[in-house]
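Visitor: Quick one: this structure, given as structure tokens, is what I'll be asking you about.
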Amino acid sequence: MCHIFSCEILTIFPRMVEPYLEESILGKAQKKGLFNCRVLNIRDYAPGKHRVTDDIPYGGGAGMLMKPEPLFRAVDDLRKDGVPRRIIMPTPQGKRFDQHMAEDLAGEAKTLTFICGRYEGIDERVSLSLVDEEISIGDYVLTGGELAALVIIDAAVRLVPGVVGDERSTELDSFSWGVLDYPHYTRPPVYRGLAVPEVLMSGDHRSIKRWRRKEALRRTLLRRPELLFIETAGLSTEDITMIEEIKKEEKI
């Protein structure tokens with residue numbers, strides 16, 4: 001039985017996220033029945049004629065805060081179906097998102113419900129009472145949680161078996177095998193004086209495999225050296241030998 005990645009996005013701007021979910025790999029995954037995502041408008045759960053979702057913060061300060069009532073009502077309504085949920089709020093205060101977290105979410109049996117904030121933030125009672133997990137996609141501030149939710153969903157969905165045509169491509173992604181990805185080339189063999197490395201056209205699979213690993217290590221050493229000193233890098237004796245070769249070549 002195929003695993004279905006199921007999620008919900010609570011937002012006051014549904015049109016920001018709906019087009020992205022319908023295109024490319026995510027759109028194809030939905031057509032295959034491997035992924036489904038409902039987008040719900042938080043305003044539909046706001047009380048009063050004007051469907052107000054924000055108000056001024058107690059204690060003063062700049063900007064507006066999202067009110068708790070619409071979000072509590074929305075979650076209460078969703079929970080009526082009895083489906084287990086893991087409620088996630090994208091926020092700079094959350095745990096840093098990475099490939100390993102994407103792998104965890106990709107295998108989640110529960111429906112992932114994303115609460116997307118706006119303005120200066122969300123009333124703290126939402127985080128205290130509704131949210132299971134806060135996730136950050138980086139140390140910067142966006143105007144809302146929609147883009148962060150899409151980043152998290154995109155990274156997780158592509159890891160669901162059957163979503164990507166050749167699953168080997170996800171196994172060799174940057175970070176999936178502990179280091180950055182190796183350089184990729186396609187036709188033509190020479191373009192504007194830039195040639196494809198001869199080893200890739202040699203047909204020698206063993207040499208190609210070693211070249212790719214070495215170039216992945218080179219990129220990591222030059223661009224993200226801290227990744228080579230954590231357990232997830234999984235460096236072998238041959239990797240360490242290649243790193244020493246790279247250091248001599250790069251005069252490091």
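Labels for the structure tokens follow display order: chains A, B, ..., residues from 1 in each chain, ligands from 1.
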Neighbours of stretch 145-148 of chain A within 7 Å (only C-alpha atoms; same-chain residues fewer than 3 positions away dropped), as a short mmCIF file (atom, residue, chain, number, x, y, z; two decimals) with C-alpha atoms, in the first residue's frame?
Guide:
data_model
loop_
_atom_site.label_atom_id
_atom_site.label_comp_id
_atom_site.auth_asym_id
_atom_site.auth_seq_id
_atom_site.Cartn_x
_atom_site.Cartn_y
_atom_site.Cartn_z
CA VAL A 17 0.02 28.77 -1.90
CA PRO A 90 6.70 27.93 10.83
CA CYS A 116 0.85 30.33 8.78
CA GLY A 117 1.31 33.52 10.75
CA ARG A 118 1.22 37.09 9.50
CA ILE A 137 13.71 27.43 7.75
CA VAL A 151 9.49 24.89 1.58
CA ILE A 152 8.90 22.26 4.27
#
Visitor: Using only C-alpha atoms, which residues sit within 9 Å of A:Glu215 once same-chain residues fewer than 2 positions away are excluded, as a list in words?
Guide: Asp181, Tyr182, Pro183, Arg210, Trp211, Arg212, Arg213, Leu217, Arg218, Arg219, Thr220 and Ile246 of chain A
Visitor: Create the file for the chosen residues now, containing N, CA and C atoms and written as an mmCIF file, in the first residue's frame.
Guide:
data_model
loop_
_atom_site.group_PDB
_atom_site.id
_atom_site.type_symbol
_atom_site.label_atom_id
_atom_site.label_comp_id
_atom_site.auth_asym_id
_atom_site.auth_seq_id
_atom_site.Cartn_x
_atom_site.Cartn_y
_atom_site.Cartn_z
ATOM 1 N N ASP A 181 26.040 18.072 -2.926
ATOM 2 C CA ASP A 181 25.939 17.296 -4.150
ATOM 3 C C ASP A 181 27.157 17.535 -5.049
ATOM 4 N N TYR A 182 27.433 16.579 -5.917
ATOM 5 C CA TYR A 182 28.530 16.723 -6.878
ATOM 6 C C TYR A 182 28.055 17.526 -8.096
ATOM 7 N N PRO A 183 28.960 18.052 -8.928
ATOM 8 C CA PRO A 183 28.569 18.799 -10.123
ATOM 9 C C PRO A 183 27.899 17.890 -11.155
ATOM 10 N N ARG A 210 34.016 7.510 -8.091
ATOM 11 C CA ARG A 210 35.025 8.140 -7.240
ATOM 12 C C ARG A 210 35.115 9.632 -7.521
ATOM 13 N N TRP A 211 35.029 10.013 -8.812
ATOM 14 C CA TRP A 211 35.099 11.438 -9.176
ATOM 15 C C TRP A 211 33.945 12.200 -8.536
ATOM 16 N N ARG A 212 32.754 11.634 -8.608
ATOM 17 C CA ARG A 212 31.583 12.303 -8.047
ATOM 18 C C ARG A 212 31.710 12.479 -6.538
ATOM 19 N N ARG A 213 32.143 11.437 -5.870
ATOM 20 C CA ARG A 213 32.307 11.537 -4.421
ATOM 21 C C ARG A 213 33.367 12.564 -4.064
ATOM 22 N N LEU A 217 32.890 16.055 -2.007
ATOM 23 C CA LEU A 217 33.707 16.400 -0.852
ATOM 24 C C LEU A 217 34.418 17.734 -1.056
ATOM 25 N N ARG A 218 34.863 17.988 -2.302
ATOM 26 C CA ARG A 218 35.540 19.254 -2.606
ATOM 27 C C ARG A 218 34.583 20.431 -2.364
ATOM 28 N N ARG A 219 33.389 20.316 -2.920
ATOM 29 C CA ARG A 219 32.395 21.378 -2.737
ATOM 30 C C ARG A 219 32.113 21.619 -1.262
ATOM 31 N N THR A 220 31.967 20.532 -0.529
ATOM 32 C CA THR A 220 31.646 20.647 0.887
ATOM 33 C C THR A 220 32.790 21.289 1.651
ATOM 34 N N ILE A 246 42.373 16.722 -1.931
ATOM 35 C CA ILE A 246 41.739 17.995 -2.272
ATOM 36 C C ILE A 246 42.466 19.156 -1.615
#
Visitor: Which residues come within 12 Å of A:Glu69, counting only C-alpha atoms, excluding same-chain residues fewer than 4 positions away, as a ChimeraX atom specification?
Guide: /A:42-48,51-55,65,73-76,122-126,130
Visitor: Please measure the separation of atom CA of A:Val163 and atom CA of A:Ala29, giving the value in Å to one decimal.
Guide: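 One can read the atom CA of A:Val163 to atom CA of A:Ala29 distance as 5.5 Å.
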Visitor: Which one of A:Val196, A:Leu128, A:Leu180, A:Ile252 sits closest to A:Arg223 if you count only C-alpha atoms?
Guide: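 Under the stated criterion, the closest residue is A:Leu180.
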Visitor: Take atom CA of A:Pro189 and atom CA of A:Val164 and report the distance between them in Å, one decimal.
Guide: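 Calculated distance between atom CA of A:Pro189 and atom CA of A:Val164 is 26.7 Å.
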Visitor: Name the closest residue to A:Pro68 among the candidates A:Ile153, A:Ala106, A:Ala216, A:Ile115; distances are taken between atoms, counting only C-alpha atoms.
Guide: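 Nearest to A:Pro68: A:Ile115.
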Visitor: Can I get the residues of stretch 141-206 of chain A within 10 Å of stretch 34-41 of chain A, each with the closest pair of atoms and their distance in Å to one decimal, using only C-alpha atoms, sorted chain first then ascending number, as JSON lines?
Guide:
{"residue": "A:Ile153", "atom": "CA", "partner": "A:Cys37", "partner_atom": "CA", "distance": 9.5}
{"residue": "A:Val157", "atom": "CA", "partner": "A:Phe35", "partner_atom": "CA", "distance": 7.2}
{"residue": "A:Arg158", "atom": "CA", "partner": "A:Phe35", "partner_atom": "CA", "distance": 9.8}
{"residue": "A:Val160", "atom": "CA", "partner": "A:Leu34", "partner_atom": "CA", "distance": 7.7}
{"residue": "A:Pro161", "atom": "CA", "partner": "A:Leu34", "partner_atom": "CA", "distance": 8.4}
{"residue": "A:Gly162", "atom": "CA", "partner": "A:Leu34", "partner_atom": "CA", "distance": 7.5}
{"residue": "A:Val163", "atom": "CA", "partner": "A:Leu34", "partner_atom": "CA", "distance": 6.9}
Visitor: For the selection just defined, write its residues with C-alpha atoms to a file, as a PDB file, in the first residue's frame.
Guide:
ATOM      1  CA  ILE A 153       6.166  20.513   2.267  1.00  0.00           C
ATOM      2  CA  VAL A 157       6.896  15.349  -0.479  1.00  0.00           C
ATOM      3  CA  ARG A 158       9.732  14.631  -2.921  1.00  0.00           C
ATOM      4  CA  VAL A 160       7.766  10.045  -0.465  1.00  0.00           C
ATOM      5  CA  PRO A 161       8.303   6.798  -2.434  1.00  0.00           C
ATOM      6  CA  GLY A 162       6.921   7.085  -5.956  1.00  0.00           C
ATOM      7  CA  VAL A 163       6.846  10.887  -6.101  1.00  0.00           C
TER       8      VAL A 163
END
Visitor: When DSSP works through the backbone of this structure, what residues of stretch 41-148 of chain A end up as strand (DSSP E), shown as a PyMOL selection string?
Guide: chain A and resi 41+54-55+65-66+85-96+111-115+133-136
Visitor: Taking 5 positions as the minimum chain separation for residues in the same chain, which residues sit within 10 Å of A:Ala109 when counting only C-alpha atoms? Answer as a list in words.
Guide: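 Counting only the stated atoms, we get His3, Ile4, Phe5, Ser6, Pro84, Arg85 and Arg86 of chain A.
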Visitor: Go through stretch 51-240 of chain A and collect every residue that DSSP, computed from the backbone, puts in alpha helix (DSSP H); the answer should be as a PyMOL selection string.
Guide: chain A and resi 68-78+99-106+124-129+146-157+168-171+205-223+237-240
